[in-house]
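Coordinates from input-v1.txt are shown below (compact mmCIF, C-alpha atoms).
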```txt
# COMPACT_ATOMS: atom_id res chain seq x y z
CA MET A 1 15.62 -17.01 14.75
CA SER A 2 11.83 -17.55 14.80
CA ARG A 3 10.09 -18.46 11.54
CA ARG A 4 6.51 -19.47 10.70
CA LEU A 5 4.89 -20.02 7.32
CA LEU A 6 1.09 -19.81 7.42
CA THR A 7 -0.61 -21.30 4.36
CA ASN A 8 -4.06 -22.15 3.00
CA ALA A 9 -5.67 -18.96 4.31
CA GLY A 10 -7.69 -16.01 3.17
CA LEU A 11 -5.87 -12.75 3.87
CA ALA A 12 -7.72 -9.50 4.54
CA THR A 13 -4.55 -7.47 4.02
CA PHE A 14 -5.97 -3.91 3.84
CA ALA A 15 -2.83 -3.23 1.84
CA ASP A 16 -2.57 -1.65 -1.61
CA ILE A 17 -4.64 -4.29 -3.39
CA ALA A 18 -7.67 -3.46 -5.55
CA ALA A 19 -9.89 -6.22 -4.13
CA PRO A 20 -12.28 -5.33 -1.27
CA TYR A 21 -10.57 -5.74 2.11
CA GLY A 22 -7.32 -6.14 0.16
CA LEU A 23 -8.47 -9.75 0.09
CA VAL A 24 -6.09 -12.46 -1.06
CA GLU A 25 -7.71 -15.86 -1.43
CA ASP A 26 -5.56 -18.97 -1.07
CA GLY A 27 -2.93 -16.82 0.60
CA ALA A 28 0.19 -17.35 2.67
CA LEU A 29 2.14 -15.37 5.26
CA ALA A 30 5.81 -15.74 6.13
CA LEU A 31 6.69 -14.49 9.64
CA GLU A 32 10.24 -13.97 10.86
CA ASP A 33 11.33 -12.66 14.25
CA GLY A 34 8.01 -10.95 14.89
CA VAL A 35 7.74 -9.28 11.46
CA ILE A 36 5.85 -10.19 8.30
CA ALA A 37 8.51 -11.19 5.78
CA TRP A 38 6.09 -11.86 2.92
CA ALA A 39 2.34 -11.90 2.23
CA GLY A 40 0.48 -12.89 -0.89
CA PRO A 41 -1.07 -15.70 -2.94
CA GLU A 42 0.36 -19.07 -1.94
CA ALA A 43 0.94 -19.83 -5.61
CA ASP A 44 3.42 -16.93 -5.71
CA LEU A 45 5.34 -17.99 -2.60
CA LEU A 46 9.05 -17.33 -3.05
CA PRO A 47 11.41 -20.33 -3.00
CA GLU A 48 13.34 -18.88 -0.04
CA PHE A 49 10.35 -19.56 2.21
CA ALA A 50 9.66 -23.11 1.00
CA ASP A 51 11.51 -24.93 3.80
CA TRP A 52 10.19 -22.76 6.67
CA PRO A 53 8.03 -24.50 9.33
CA ARG A 54 4.64 -24.68 7.67
CA GLU A 55 1.19 -24.40 9.31
CA ASP A 56 -1.91 -25.17 7.24
CA LEU A 57 -4.72 -22.86 8.43
CA GLY A 58 -7.42 -24.90 6.71
CA GLY A 59 -8.99 -21.97 4.89
CA CYS A 60 -9.26 -19.67 7.91
CA LEU A 61 -9.28 -15.90 7.48
CA VAL A 62 -6.29 -13.86 8.65
CA THR A 63 -6.65 -10.16 9.42
CA PRO A 64 -4.28 -7.70 11.01
CA GLY A 65 -4.52 -7.84 14.79
CA LEU A 66 -7.37 -5.63 15.94
CA ILE A 67 -6.51 -2.21 17.38
CA ASP A 68 -8.69 -0.42 19.93
CA CYS A 69 -7.61 3.19 19.45
CA HIS A 70 -9.78 4.88 22.11
CA THR A 71 -10.26 3.37 25.59
CA HIS A 72 -10.44 4.36 29.24
CA VAL A 73 -9.95 0.82 30.61
CA VAL A 74 -8.04 1.94 33.74
CA PHE A 75 -10.49 3.25 36.35
CA GLY A 76 -11.93 2.52 39.79
CA GLY A 77 -15.46 1.42 40.58
CA ASN A 78 -18.41 1.43 38.18
CA ARG A 79 -21.42 3.58 37.35
CA ALA A 80 -24.25 1.08 37.14
CA ARG A 81 -26.47 3.36 39.24
CA GLU A 82 -26.08 6.14 36.68
CA PHE A 83 -27.18 3.67 34.01
CA GLU A 84 -30.37 3.27 36.02
CA MET A 85 -30.72 7.06 36.39
CA ARG A 86 -30.53 7.60 32.65
CA LEU A 87 -33.18 4.92 32.12
CA GLU A 88 -35.32 6.79 34.63
CA GLY A 89 -35.09 9.90 32.48
CA ALA A 90 -31.92 11.80 33.45
CA THR A 91 -29.71 12.99 30.59
CA TYR A 92 -25.93 12.51 30.47
CA GLU A 93 -25.45 16.21 31.18
CA GLU A 94 -27.92 16.15 34.10
CA VAL A 95 -26.09 13.20 35.65
CA ALA A 96 -22.77 15.01 35.28
CA ARG A 97 -24.06 18.27 36.74
CA ALA A 98 -25.51 16.38 39.72
CA GLY A 99 -22.07 15.14 40.70
CA GLY A 100 -22.14 11.93 38.74
CA GLY A 101 -20.44 11.23 35.45
CA ILE A 102 -16.70 11.58 35.20
CA VAL A 103 -16.25 13.12 38.66
CA SER A 104 -17.93 10.07 40.21
CA THR A 105 -15.29 7.81 38.69
CA VAL A 106 -12.63 10.29 39.81
CA ARG A 107 -13.55 9.64 43.45
CA SER A 108 -13.29 5.86 43.03
CA THR A 109 -10.07 6.06 41.03
CA ARG A 110 -8.33 8.36 43.48
CA ALA A 111 -9.19 5.91 46.28
CA ALA A 112 -7.75 2.89 44.44
CA SER A 113 -4.16 1.76 44.74
CA GLU A 114 -2.00 1.00 41.72
CA ASP A 115 -2.43 -2.73 42.32
CA ALA A 116 -6.20 -2.36 42.62
CA LEU A 117 -6.45 -0.39 39.40
CA LEU A 118 -4.42 -3.03 37.59
CA GLU A 119 -6.52 -5.84 39.02
CA GLN A 120 -9.74 -4.14 37.93
CA ALA A 121 -8.43 -3.28 34.44
CA LEU A 122 -7.08 -6.69 33.47
CA PRO A 123 -10.45 -8.47 32.99
CA ARG A 124 -11.47 -5.72 30.56
CA VAL A 125 -8.17 -6.01 28.73
CA ASP A 126 -8.44 -9.80 28.65
CA ALA A 127 -11.90 -9.54 27.07
CA LEU A 128 -10.45 -7.42 24.27
CA LEU A 129 -7.48 -9.74 23.75
CA ALA A 130 -9.81 -12.75 23.55
CA GLU A 131 -11.37 -11.15 20.47
CA GLY A 132 -8.11 -10.57 18.60
CA THR A 133 -6.98 -7.18 19.91
CA THR A 134 -3.20 -6.78 19.72
CA SER A 135 -2.82 -3.01 20.30
CA LEU A 136 -4.67 -0.85 22.79
CA GLU A 137 -4.76 2.85 23.61
CA ILE A 138 -5.36 3.69 27.28
CA LYS A 139 -6.15 7.19 28.56
CA SER A 140 -5.73 8.78 31.95
CA GLY A 141 -8.32 11.36 32.99
CA TYR A 142 -10.01 9.83 36.03
CA GLY A 143 -7.48 11.21 38.50
CA LEU A 144 -7.57 14.94 37.78
CA ASP A 145 -4.75 15.40 40.25
CA LEU A 146 -1.06 14.88 39.66
CA ASP A 147 -0.59 11.71 41.69
CA THR A 148 -3.58 9.81 40.33
CA GLU A 149 -3.03 10.82 36.71
CA LEU A 150 0.50 9.44 36.90
CA ARG A 151 -0.74 6.36 38.75
CA MET A 152 -3.19 5.61 35.94
CA LEU A 153 -0.48 5.98 33.31
CA ARG A 154 1.87 3.70 35.23
CA VAL A 155 -0.86 1.07 35.40
CA ALA A 156 -1.44 1.43 31.65
CA ARG A 157 2.26 0.84 31.00
CA GLU A 158 2.22 -2.15 33.38
CA ILE A 159 -0.58 -3.77 31.39
CA GLY A 160 1.80 -4.01 28.45
CA LYS A 161 4.28 -5.86 30.68
CA VAL A 162 1.87 -8.42 32.13
CA ARG A 163 -0.15 -9.05 28.96
CA PRO A 164 1.01 -9.63 25.35
CA VAL A 165 -0.44 -6.43 23.89
CA GLY A 166 0.94 -3.19 22.52
CA ILE A 167 -0.01 -0.23 24.72
CA ARG A 168 -0.17 3.45 23.79
CA THR A 169 -0.81 5.83 26.66
CA THR A 170 -2.68 9.11 26.34
CA PHE A 171 -2.67 11.92 28.91
CA LEU A 172 -6.25 13.15 29.38
CA GLY A 173 -5.88 15.57 32.26
CA ALA A 174 -8.30 17.93 30.48
CA HIS A 175 -11.14 15.41 30.83
CA ALA A 176 -13.30 17.26 33.36
CA VAL A 177 -12.98 19.93 36.02
CA PRO A 178 -12.71 18.19 39.43
CA ALA A 179 -15.11 19.15 42.19
CA GLU A 180 -12.48 21.10 44.13
CA TYR A 181 -11.98 23.37 41.09
CA LYS A 182 -15.64 23.79 40.15
CA GLY A 183 -16.06 27.05 38.24
CA ARG A 184 -12.26 27.51 38.03
CA ALA A 185 -11.29 25.52 34.96
CA ASP A 186 -8.35 27.76 34.07
CA ALA A 187 -6.94 27.50 37.57
CA TYR A 188 -7.21 23.70 37.30
CA LEU A 189 -5.27 23.78 34.05
CA ASP A 190 -2.57 26.03 35.57
CA GLU A 191 -2.19 24.26 38.89
CA ILE A 192 -2.88 20.60 38.09
CA CYS A 193 -3.34 19.62 34.45
CA LEU A 194 -0.35 21.27 32.81
CA PRO A 195 2.12 20.39 35.62
CA ALA A 196 0.83 16.79 35.52
CA LEU A 197 1.37 16.66 31.78
CA GLU A 198 4.95 17.79 32.18
CA ALA A 199 5.55 15.29 34.98
CA ALA A 200 4.07 12.46 32.91
CA HIS A 201 6.26 13.42 29.98
CA ASP A 202 9.37 13.61 32.15
CA ALA A 203 8.59 10.12 33.51
CA GLY A 204 8.20 8.68 30.01
CA LEU A 205 4.56 7.79 30.65
CA VAL A 206 2.76 9.55 27.81
CA ASP A 207 2.58 8.94 24.06
CA ALA A 208 -0.12 11.51 23.17
CA VAL A 209 -2.33 14.20 24.71
CA ASP A 210 -6.13 14.34 24.62
CA GLY A 211 -8.87 16.63 25.93
CA PHE A 212 -12.64 16.86 26.18
CA CYS A 213 -13.94 19.92 24.34
CA GLU A 214 -17.56 20.25 25.41
CA GLY A 215 -19.92 22.46 27.39
CA ILE A 216 -19.57 20.22 30.45
CA ALA A 217 -15.78 20.14 30.14
CA PHE A 218 -13.39 22.60 28.45
CA THR A 219 -13.69 25.34 25.85
CA PRO A 220 -11.67 25.40 22.62
CA ASP A 221 -9.48 28.19 24.06
CA GLN A 222 -8.74 26.10 27.15
CA ILE A 223 -7.95 23.01 25.07
CA ALA A 224 -5.62 25.15 22.94
CA ARG A 225 -3.59 25.89 26.07
CA VAL A 226 -3.16 22.15 26.68
CA PHE A 227 -2.28 21.52 23.04
CA ASP A 228 0.28 24.33 23.09
CA ARG A 229 2.05 22.63 25.98
CA ALA A 230 1.84 19.27 24.20
CA ARG A 231 3.45 20.83 21.14
CA ASP A 232 6.22 22.26 23.30
CA LEU A 233 6.85 18.69 24.55
CA ASN A 234 6.73 17.30 21.00
CA LEU A 235 3.70 15.14 21.81
CA PRO A 236 0.91 14.47 19.27
CA VAL A 237 -2.65 15.43 20.17
CA LYS A 238 -6.17 14.08 19.74
CA LEU A 239 -9.53 15.34 20.97
CA HIS A 240 -12.95 14.29 22.26
CA ALA A 241 -14.97 16.65 20.09
CA GLU A 242 -18.53 17.38 18.95
CA GLN A 243 -20.07 14.59 21.04
CA LEU A 244 -22.91 16.62 22.59
CA SER A 245 -22.72 19.89 20.65
CA ASP A 246 -20.61 21.64 18.02
CA LEU A 247 -18.03 23.90 19.67
CA GLY A 248 -15.56 23.76 16.79
CA GLY A 249 -13.23 21.44 18.65
CA THR A 250 -12.53 19.36 15.57
CA GLU A 251 -11.33 22.40 13.66
CA LEU A 252 -9.06 23.26 16.59
CA ALA A 253 -7.67 19.72 16.69
CA ALA A 254 -7.08 19.74 12.94
CA SER A 255 -5.17 23.02 13.22
CA TYR A 256 -2.70 21.20 15.48
CA GLY A 257 -2.38 18.29 13.04
CA ALA A 258 -4.16 15.99 15.49
CA LEU A 259 -3.85 12.25 15.13
CA SER A 260 -7.62 12.04 15.50
CA ALA A 261 -10.85 13.69 16.53
CA ASP A 262 -13.22 11.33 18.33
CA HIS A 263 -17.01 10.98 18.81
CA LEU A 264 -18.12 13.62 16.23
CA GLU A 265 -21.91 13.17 16.33
CA TYR A 266 -22.40 16.94 15.96
CA LEU A 267 -19.58 17.50 13.48
CA SER A 268 -20.28 20.12 10.79
CA GLU A 269 -19.13 20.02 7.18
CA LYS A 270 -16.59 22.71 8.08
CA GLY A 271 -15.16 20.36 10.67
CA VAL A 272 -15.10 17.50 8.16
CA GLU A 273 -13.20 19.71 5.72
CA ALA A 274 -10.70 20.56 8.45
CA LEU A 275 -10.08 16.86 9.09
CA ALA A 276 -9.62 16.23 5.39
CA SER A 277 -7.04 19.03 5.17
CA SER A 278 -5.08 17.90 8.22
CA GLY A 279 -5.12 14.17 7.48
CA SER A 280 -6.54 13.48 10.94
CA VAL A 281 -8.59 10.35 11.52
CA ALA A 282 -12.25 10.48 12.50
CA VAL A 283 -12.74 7.99 15.35
CA LEU A 284 -16.37 6.97 15.78
CA LEU A 285 -17.54 5.45 19.05
CA PRO A 286 -20.85 3.61 18.63
CA GLY A 287 -20.76 2.22 22.17
CA ALA A 288 -21.26 5.70 23.63
CA PHE A 289 -23.89 6.52 20.99
CA TYR A 290 -25.77 3.36 21.97
CA THR A 291 -25.41 3.70 25.75
CA LEU A 292 -26.47 7.35 25.81
CA ARG A 293 -29.35 6.62 23.39
CA GLU A 294 -28.09 9.40 21.15
CA THR A 295 -30.11 10.22 18.05
CA GLN A 296 -27.68 12.57 16.27
CA LEU A 297 -25.67 10.39 13.87
CA PRO A 298 -22.08 11.27 13.01
CA PRO A 299 -21.85 12.53 9.40
CA VAL A 300 -20.48 9.34 7.84
CA ASP A 301 -21.54 10.30 4.32
CA LEU A 302 -19.69 13.63 4.59
CA LEU A 303 -16.61 11.91 5.95
CA ARG A 304 -16.69 9.52 3.00
CA ALA A 305 -17.24 12.33 0.50
CA HIS A 306 -14.20 14.21 1.82
CA LYS A 307 -12.13 11.01 2.05
CA VAL A 308 -11.51 11.35 5.78
CA PRO A 309 -10.20 8.06 7.22
CA ILE A 310 -12.68 6.55 9.69
CA ALA A 311 -11.68 4.41 12.67
CA LEU A 312 -13.86 2.64 15.21
CA ALA A 313 -13.13 2.00 18.89
CA THR A 314 -14.88 0.73 22.01
CA ASP A 315 -14.45 3.89 24.13
CA CYS A 316 -14.44 1.36 26.99
CA ASN A 317 -15.28 3.42 30.08
CA PRO A 318 -17.46 3.08 33.19
CA GLY A 319 -20.10 5.64 32.29
CA SER A 320 -20.97 6.25 28.66
CA SER A 321 -19.56 3.09 27.03
CA PRO A 322 -19.06 0.08 29.32
CA LEU A 323 -18.09 -1.91 26.23
CA ALA A 324 -15.14 -4.30 26.01
CA SER A 325 -15.79 -5.93 22.63
CA LEU A 326 -14.37 -4.77 19.33
CA LEU A 327 -16.45 -7.41 17.54
CA LEU A 328 -19.64 -5.85 18.88
CA THR A 329 -18.21 -2.45 17.98
CA LEU A 330 -17.91 -3.65 14.37
CA ASN A 331 -21.56 -4.64 14.31
CA MET A 332 -22.62 -1.37 15.94
CA GLY A 333 -20.62 0.64 13.41
CA CYS A 334 -22.50 -1.08 10.61
CA THR A 335 -25.95 -1.24 12.19
CA LEU A 336 -26.06 2.16 13.90
CA PHE A 337 -23.81 4.26 11.65
CA ARG A 338 -24.45 2.42 8.35
CA MET A 339 -20.77 1.78 7.75
CA THR A 340 -19.97 -1.07 5.41
CA PRO A 341 -18.34 -4.21 6.88
CA GLU A 342 -15.19 -3.34 4.96
CA GLU A 343 -15.12 0.19 6.42
CA ALA A 344 -15.74 -1.17 9.91
CA LEU A 345 -12.96 -3.77 9.75
CA ALA A 346 -10.56 -1.23 8.27
CA GLY A 347 -11.62 1.01 11.16
CA VAL A 348 -10.24 -1.39 13.78
CA THR A 349 -7.09 -2.26 11.82
CA ARG A 350 -5.56 0.10 9.26
CA GLU A 351 -7.34 3.30 10.27
CA ALA A 352 -7.06 2.60 14.01
CA ALA A 353 -3.30 2.27 13.54
CA ARG A 354 -3.29 5.66 11.81
CA ALA A 355 -5.28 7.15 14.68
CA LEU A 356 -2.47 6.11 17.04
CA GLY A 357 0.37 7.10 14.73
CA LEU A 358 1.46 3.45 14.44
CA SER A 359 2.85 2.97 10.94
CA ASP A 360 4.26 -0.49 11.71
CA ARG A 361 0.91 -2.32 12.01
CA GLY A 362 -2.70 -2.37 10.82
CA THR A 363 -2.11 -4.13 7.48
CA LEU A 364 -0.72 -7.46 6.32
CA ALA A 365 2.36 -6.49 4.33
CA ALA A 366 6.07 -7.18 4.33
CA GLY A 367 7.85 -5.21 7.04
CA LYS A 368 4.84 -4.83 9.31
CA ARG A 369 4.66 -6.29 12.82
CA ALA A 370 3.39 -9.85 12.86
CA ASP A 371 0.28 -8.92 14.86
CA LEU A 372 -2.49 -11.09 13.45
CA ALA A 373 -5.93 -12.44 14.17
CA ILE A 374 -6.84 -15.82 12.68
CA TRP A 375 -10.58 -16.44 12.41
CA ASN A 376 -12.80 -19.45 11.79
CA VAL A 377 -14.77 -17.60 9.11
CA ALA A 378 -14.87 -17.77 5.35
CA HIS A 379 -15.34 -14.06 4.60
CA PRO A 380 -14.42 -10.83 6.44
CA ALA A 381 -18.03 -9.58 6.50
CA GLU A 382 -18.84 -12.32 9.02
CA LEU A 383 -16.89 -10.44 11.68
CA SER A 384 -19.33 -7.50 11.52
CA TYR A 385 -22.42 -9.61 10.85
CA ARG A 386 -22.49 -11.79 13.95
CA ILE A 387 -23.63 -10.55 17.37
CA GLY A 388 -22.31 -12.07 20.59
CA PHE A 389 -20.21 -14.67 18.77
CA ASN A 390 -16.42 -14.89 18.81
CA PRO A 391 -14.89 -16.91 15.94
CA LEU A 392 -11.26 -16.21 16.89
CA LYS A 393 -9.03 -19.24 16.32
CA GLU A 394 -5.68 -17.69 17.26
CA ARG A 395 -4.29 -14.29 18.20
CA VAL A 396 -0.70 -13.69 17.12
CA PHE A 397 1.29 -10.93 18.82
CA GLY A 398 4.73 -10.22 17.45
CA GLY A 399 4.74 -13.56 15.67
CA SER A 400 3.79 -15.60 18.75
CA GLN A 401 0.53 -16.88 20.21
```

Represent the supplied structure as structure tokens.
Amino acid sequence: MSRRLLTNAGLATFADIAAPYGLVEDGALALEDGVIAWAGPEADLLPEFADWPREDLGGCLVTPGLIDCHTHVVFGGNRAREFEMRLEGATYEEVARAGGGIVSTVRSTRAASEDALLEQALPRVDALLAEGTTSLEIKSGYGLDLDTELRMLRVAREIGKVRPVGIRTTFLGAHAVPAEYKGRADAYLDEICLPALEAAHDAGLVDAVDGFCEGIAFTPDQIARVFDRARDLNLPVKLHAEQLSDLGGTELAASYGALSADHLEYLSEKGVEALASSGSVAVLLPGAFYTLRETQLPPVDLLRAHKVPIALATDCNPGSSPLASLLLTLNMGCTLFRMTPEEALAGVTREAARALGLSDRGTLAAGKRADLAIWNVAHPAELSYRIGFNPLKERVFGGSQ
């Protein structure tokens, strides 16, 4: 039996506590066999925990382990040249239509072996873990054929075996139309995407299903076909929606009870209302907003007004968000989207857990996984305030360092 008693700490619990951040000053945490047994003010510590091995944290702040709920960290190659092209005046859509964008990464990913994909992904994963990330969503979508989509998902699962991190895999076969199916999106869905989804499900490689609903990708009707198959397989859905235009993808996702709708720069109030009705999470991705030099802000005030939960994520990918830092994502969420530091930190803990359907983490409360981040800071706002500075003292995954 493994037991740890952490004392003399501030706790940003994000649990049902009236204080901002669910903050408990002079707090303590009792951990047993990878689960939080008790959390609260040290003065209220129950006698049953008094003789547990005690660790004085010296006033450090403890938060739930950070959760990156939208990433594409498994891919081949990079797109630094496209970064140059955009700076020379090309738009994201122009790059994509010229054979760059997602299909460029598809070529590199198809050419990479499983070992090579793992080797390339691990430094990105390690960067996230070094900043307190304990759970990570990883999407496919750079194969766009059956073999490579499954290869990506196997690599994602392998990451959870070779690194101490919780992995959730998402099938994103409806990410783009590959070059060999140009102009034949429905044929691609019939012949590649839907069979690959079924094969991934049969192999136990997929936890959720995603799609890209956009003018350069798939229409709402086409995404509905993918979501229908996901529902048949009893898999939850999520959607890249309203990033470049408003096609009503968010309303479609909400009608399927989606875990989340992500990006959302062009989201209408009707779409916000749909999210509020479905309980879906709005996942905002400031890294892509920043990299693409977008000017259309996601409707944060509307999301607040309708009480839609808001998560933040890196969207780590080779083209539109080559970002592997949740700490920088916190700052971007505040600086670019005018989120409060409390909203931002909740967005990479409690709300990110909701966006992945993970009810066992994201807050500091009895019965939750002992996934923690211990920080050399006095107040939670410092995590959003600093730029390029990592104050992590210790990352705890399942009760262990």

- Message: Nearest residue to A:Ala9 out of A:Leu312, A:Asp228, A:Glu137, A:Ala378, using all atoms listed in the file?
- Response: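 The shortest atom-to-atom distance to A:Ala9 comes from A:Ala378.
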
- Two-atom distance - atom CA of A:Arg54, atom CA of A:Ala18 (Å):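 Atom CA of A:Ala18 lies 27.9 Å from atom CA of A:Arg54.
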
- Message: Nearest residue to A:Val103 out of A:Ala43, A:Met1, A:Ile216, A:Ala28, using all atoms listed in the file?
- Response: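 Using all atoms listed in the file, the shortest distance to A:Val103 belongs to A:Ile216.
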
- Item | Contact residues around A:Asp262 with all atoms listed in the file at 10 Å, ignoring same-chain residues under 2 positions, as a VMD selection string | chain A and resid 69 to 70 210 212 238 to 243 250 259 to 260 264 to 265 281 to 285 310 to 313 315 355

- Item | All residues 9 Å or closer to stretch 287-291 of chain A, all atoms listed in the file, same chain fewer than 6 positions away omitted, as a ChimeraX atom specification | /A:83,243,263,265,297,313-316,319-323,328-329,332-333,336

- Between A:Ala366, A:Leu136, A:Val95, A:Leu122, single out the one closest to A:Val165, counting only C-alpha atoms.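 The shortest atom-to-atom distance to A:Val165 comes from A:Leu136.
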
- Message: When you count only C-alpha atoms, which of these residues is closest to A:Ala353: A:Asp202, A:Asp68, A:Glu191, A:Glu114?
- Response: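 Under the stated criterion, the closest residue is A:Asp68.
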
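Between atom CA of A:Arg229 and atom CA of A:Leu247 there is a distance of 21.1 Å.
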
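When atom CA of A:Leu146 is paired with atom CA of A:Gly257, their separation reads 26.9 Å.
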
- Which residue gives the smallest distance to A:Val35 among A:Trp52, A:Phe397, A:Tyr92, A:Tyr266, with all atoms listed in the file counted? A:Phe397

Coordinates of box centre and edge lengths for stretch 276-292 of chain A, 8 Å on every side, axis-aligned, as lines of an AutoDock Vina configuration file:
```
center_x = -15.8
center_y = 10.6
center_z = 15.5
size_x = 37.4
size_y = 32.8
size_z = 36.6
```

- Message: When you count only C-alpha atoms, which of these residues is closest to A:Leu5: A:Glu88, A:Glu82, A:Asp56, A:Glu25?
- Response: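 With only C-alpha atoms as the atom set, the closest residue is A:Asp56.
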
- All residues 12 Å or closer to A:Glu119, all atoms listed in the file, same chain fewer than 4 positions away omitted, as a PyMOL selection string: chain A and resi 73-77+112-115+123-126+155-156+158-159+162

- Task: Using all atoms listed in the file, determine which residues lie at most 6 Å from A:Ala30, disregarding the query and same-chain residues fewer than 5 positions distant; provide the list as a PyMOL selection string.
- Result: chain A and resi 4-5+36-38

What would the file look like if the residues just selected were written as a short mmCIF file (atom, residue, chain, number, x, y, z; two decimals), in the coordinates of the input with C-alpha atoms?
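This is the output file again_35.cif:
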```
data_model
loop_
_atom_site.label_atom_id
_atom_site.label_comp_id
_atom_site.auth_asym_id
_atom_site.auth_seq_id
_atom_site.Cartn_x
_atom_site.Cartn_y
_atom_site.Cartn_z
CA ARG A 4 6.51 -19.47 10.70
CA LEU A 5 4.89 -20.02 7.32
CA ILE A 36 5.85 -10.19 8.30
CA ALA A 37 8.51 -11.19 5.78
CA TRP A 38 6.09 -11.86 2.92
#
```

Where atoms are absent from stretch 194-199 of chain A, fill them in so it carries all heavy atoms, then output it as a PDB file, in the frame of the given file.
```pdb
ATOM      1  N   LEU A 194      -1.585  21.035  33.551  1.00  0.00           N
ATOM      2  CA  LEU A 194      -0.350  21.270  32.810  1.00  0.00           C
ATOM      3  C   LEU A 194       0.887  20.775  33.566  1.00  0.00           C
ATOM      4  O   LEU A 194       1.773  20.134  32.966  1.00  0.00           O
ATOM      5  CB  LEU A 194      -0.230  22.745  32.433  1.00  0.00           C
ATOM      6  CG  LEU A 194      -1.336  23.238  31.479  1.00  0.00           C
ATOM      7  CD1 LEU A 194      -1.180  24.727  31.196  1.00  0.00           C
ATOM      8  CD2 LEU A 194      -1.332  22.446  30.176  1.00  0.00           C
ATOM      9  N   PRO A 195       0.992  20.998  34.889  1.00  0.00           N
ATOM     10  CA  PRO A 195       2.120  20.390  35.620  1.00  0.00           C
ATOM     11  C   PRO A 195       2.098  18.863  35.557  1.00  0.00           C
ATOM     12  O   PRO A 195       3.159  18.228  35.466  1.00  0.00           O
ATOM     13  CB  PRO A 195       1.926  20.900  37.045  1.00  0.00           C
ATOM     14  CG  PRO A 195       1.196  22.193  36.897  1.00  0.00           C
ATOM     15  CD  PRO A 195       0.256  21.963  35.750  1.00  0.00           C
ATOM     16  N   ALA A 196       0.912  18.247  35.605  1.00  0.00           N
ATOM     17  CA  ALA A 196       0.830  16.790  35.520  1.00  0.00           C
ATOM     18  C   ALA A 196       1.275  16.291  34.157  1.00  0.00           C
ATOM     19  O   ALA A 196       1.943  15.248  34.041  1.00  0.00           O
ATOM     20  CB  ALA A 196      -0.588  16.324  35.825  1.00  0.00           C
ATOM     21  N   LEU A 197       0.921  17.028  33.120  1.00  0.00           N
ATOM     22  CA  LEU A 197       1.370  16.660  31.780  1.00  0.00           C
ATOM     23  C   LEU A 197       2.890  16.671  31.694  1.00  0.00           C
ATOM     24  O   LEU A 197       3.501  15.730  31.164  1.00  0.00           O
ATOM     25  CB  LEU A 197       0.762  17.615  30.742  1.00  0.00           C
ATOM     26  CG  LEU A 197       1.307  17.518  29.315  1.00  0.00           C
ATOM     27  CD1 LEU A 197       1.187  16.102  28.766  1.00  0.00           C
ATOM     28  CD2 LEU A 197       0.599  18.521  28.406  1.00  0.00           C
ATOM     29  N   GLU A 198       3.493  17.712  32.228  1.00  0.00           N
ATOM     30  CA  GLU A 198       4.950  17.790  32.180  1.00  0.00           C
ATOM     31  C   GLU A 198       5.592  16.674  33.008  1.00  0.00           C
ATOM     32  O   GLU A 198       6.584  16.063  32.588  1.00  0.00           O
ATOM     33  CB  GLU A 198       5.402  19.164  32.677  1.00  0.00           C
ATOM     34  CG  GLU A 198       5.004  20.295  31.732  1.00  0.00           C
ATOM     35  CD  GLU A 198       5.481  21.654  32.216  1.00  0.00           C
ATOM     36  OE1 GLU A 198       6.084  21.722  33.306  1.00  0.00           O
ATOM     37  OE2 GLU A 198       5.256  22.634  31.486  1.00  0.00           O
ATOM     38  N   ALA A 199       5.004  16.368  34.146  1.00  0.00           N
ATOM     39  CA  ALA A 199       5.550  15.290  34.980  1.00  0.00           C
ATOM     40  C   ALA A 199       5.405  13.940  34.290  1.00  0.00           C
ATOM     41  O   ALA A 199       6.325  13.107  34.343  1.00  0.00           O
ATOM     42  CB  ALA A 199       4.834  15.266  36.330  1.00  0.00           C
TER      43      ALA A 199
END
```
